[in-house]
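Let me begin by presenting the structure, written as structure tokens, before commenting on it.
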Amino acid sequence: KTLLNVLLIVLEAEAPGYGNLATGRTVTQSSTFGTWVGEQAIDFNPGFIQPSSSCSSTTAQTNPWWRVDLHYIYRVSSVVITNRLDCCPERINGAEIRIGNSLENNGNNNPIIPAGVSSTYICNDMNGRYVNLFIPGDSRFLTLCEVEVYGEGNLATGRTVTQSSTFGTWVGEQAIDLNPSFIQPSSSCSSTDIQTNPWWRVDLHYIYRVSSVVITNRLDCCPERINGAEIRIGNSLENNGNNNPICAVISSIPAGVSSTYICNDMDGRYVNLFLPGDSRFLTLGGYDEISRLVSA
């Protein structure tokens, strides 16, 4: 029997122009004007032809705001704002972009980034889960036609995980539960049954350019069981994603050691760990992290 043990997967990727951290996240705004709901600011449609169907807007109020919850903490490198084309571009004047981890005052007390003349605002890797747009003042509208957030953070957390089989309670999601399981691997690792060609896959939901993968091997025993595992990245689900291009083949990783595998900006939505051979287990630890750096 061979058991593959992985305790940490880190993917760093660069995705200029796509890989928007805001996409698919939870949006809230202080009020809603008609059908101009907050989610329309992150729908990939700038609304130049019909803004009412694809831009967000509050009603006229004091201190209107819009917020996206990224669900996890990221180092935000930039925020891109698209203003409406049809009228009244001055309404956005004075808007503050705030990034942080607090929901005090609906997140509008978080640190502010300075405004610029461009629609791209550099955030210098500010840490934050919440990104707010806030306009101080009376009788103000806040209208947004597109908001894009770029930065670095763990993309695996909260994503969709699938594995070829499950050993007992060692479900695939335990590989991304932020618990490395150095003390009790059985409580927060994933594992397949013993089988031919076991695999584990995370769906990142969107396409990213993956530059590197970092894998930390288990500490408690049997580090050689990881030998021969393939890291595969791509957009196809043919053969459960295991036919996607190979980033690297893991020759060996000492116990408890992290190894980095360079993927040279491979494009991919799916990241697989695939262990070819008969009578093999695939076990992944509970602190698998997929992160990326994206720039607008």
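Residues in the structure tokens are numbered from 1 in each chain, the chains being A, B, ... in the order shown, and ligands are numbered from 1 in the order shown.
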
**Request:** For Cys88 in chain A, please output as a ChimeraX atom specification all residues within 12 Å (counting only C-alpha atoms; exclusion window: fewer than 4 positions along the same chain).
**Result:** /A:83-84,92-93,140-144

**Prompt:** A:Leu237, A:Asn242, A:Ile250, A:Gly256: which is nearest Leu219 in chain A, counting only C-alpha atoms?
**Reply:**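 Residue with the minimum atom-to-atom distance to Leu219 in chain A: A:Gly256.
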
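For the pair CA of Asn110 in chain A and CA of Cys123 in chain A, the interatomic distance is 13.0 Å.
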
**Request:** Please provide the set of residues having any atom within 8 Å of Leu70 in chain A, restricted to only C-alpha atoms, with same-chain residues fewer than 6 positions apart removed, written as a list in words.
**Result:**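 Surrounding residues, per the criterion: Leu21, Ala22, Arg25, Thr26, Arg129, Tyr130 and Val131 of chain A.
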
Restricted to C-alpha atoms, what would the selected residues look like written as a PDB file, in the first residue's frame?
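Result written to again_31.pdb:
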ATOM      1  CA  LEU A  21     -11.798  38.470  -6.139  1.00  0.00           C
ATOM      2  CA  ALA A  22     -15.208  40.133  -5.940  1.00  0.00           C
ATOM      3  CA  ARG A  25     -19.080  37.134  -3.370  1.00  0.00           C
ATOM      4  CA  THR A  26     -21.703  38.625  -1.043  1.00  0.00           C
ATOM      5  CA  ARG A 129     -12.071  40.811   4.016  1.00  0.00           C
ATOM      6  CA  TYR A 130     -14.444  43.708   3.307  1.00  0.00           C
ATOM      7  CA  VAL A 131     -14.121  46.226   0.476  1.00  0.00           C
TER       8      VAL A 131
END

**Request:** Give the strand (DSSP E or B) residues of range 42-117 of chain A, as assigned by DSSP on the backbone, as a list in words.
**Result:**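 Checking each residue of range 42-117 of chain A, the strand (DSSP E or B) ones are Ser56, Ser57, Gln61, Trp65, Trp66, Arg67, Val68, Asp69, Leu70, His71, Tyr72, Ile73, Tyr74, Arg75, Val76, Ser77, Ser78, Val79, Val80, Ile81, Thr82, Glu96, Ile97, Arg98, Ile99, Gly100, Ile112 and Ile113 of chain A.
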
**Request:** Give the answer as one residue: which of A:His71, A:Arg225, A:Arg232, A:Arg98 has the shortest atom-to-atom distance to Arg269 in chain A, using only C-alpha atoms?
**Result:** A:Arg232

**Message:** Give me the residues near Met126 in chain A as number ranges by chain, where near means some atom within 10 Å (using only C-alpha atoms) and where sequence neighbours in that chain fewer than 3 positions away do not count.
**Reply:** A: 73-78, 98-100, 111-113, 122-123, 129, 151

DSSP says alpha helix (DSSP H) for which residues of range 23-260 of chain A? Put them as an mmCIF file with C-alpha atoms, in the first residue's frame?
data_model
loop_
_atom_site.group_PDB
_atom_site.id
_atom_site.type_symbol
_atom_site.label_atom_id
_atom_site.label_comp_id
_atom_site.auth_asym_id
_atom_site.auth_seq_id
_atom_site.Cartn_x
_atom_site.Cartn_y
_atom_site.Cartn_z
ATOM 1 C CA PRO A 51 -27.300 50.756 -16.796
ATOM 2 C CA SER A 52 -30.499 50.044 -14.854
ATOM 3 C CA SER A 53 -30.111 46.335 -15.608
ATOM 4 C CA SER A 54 -26.421 45.991 -14.811
#
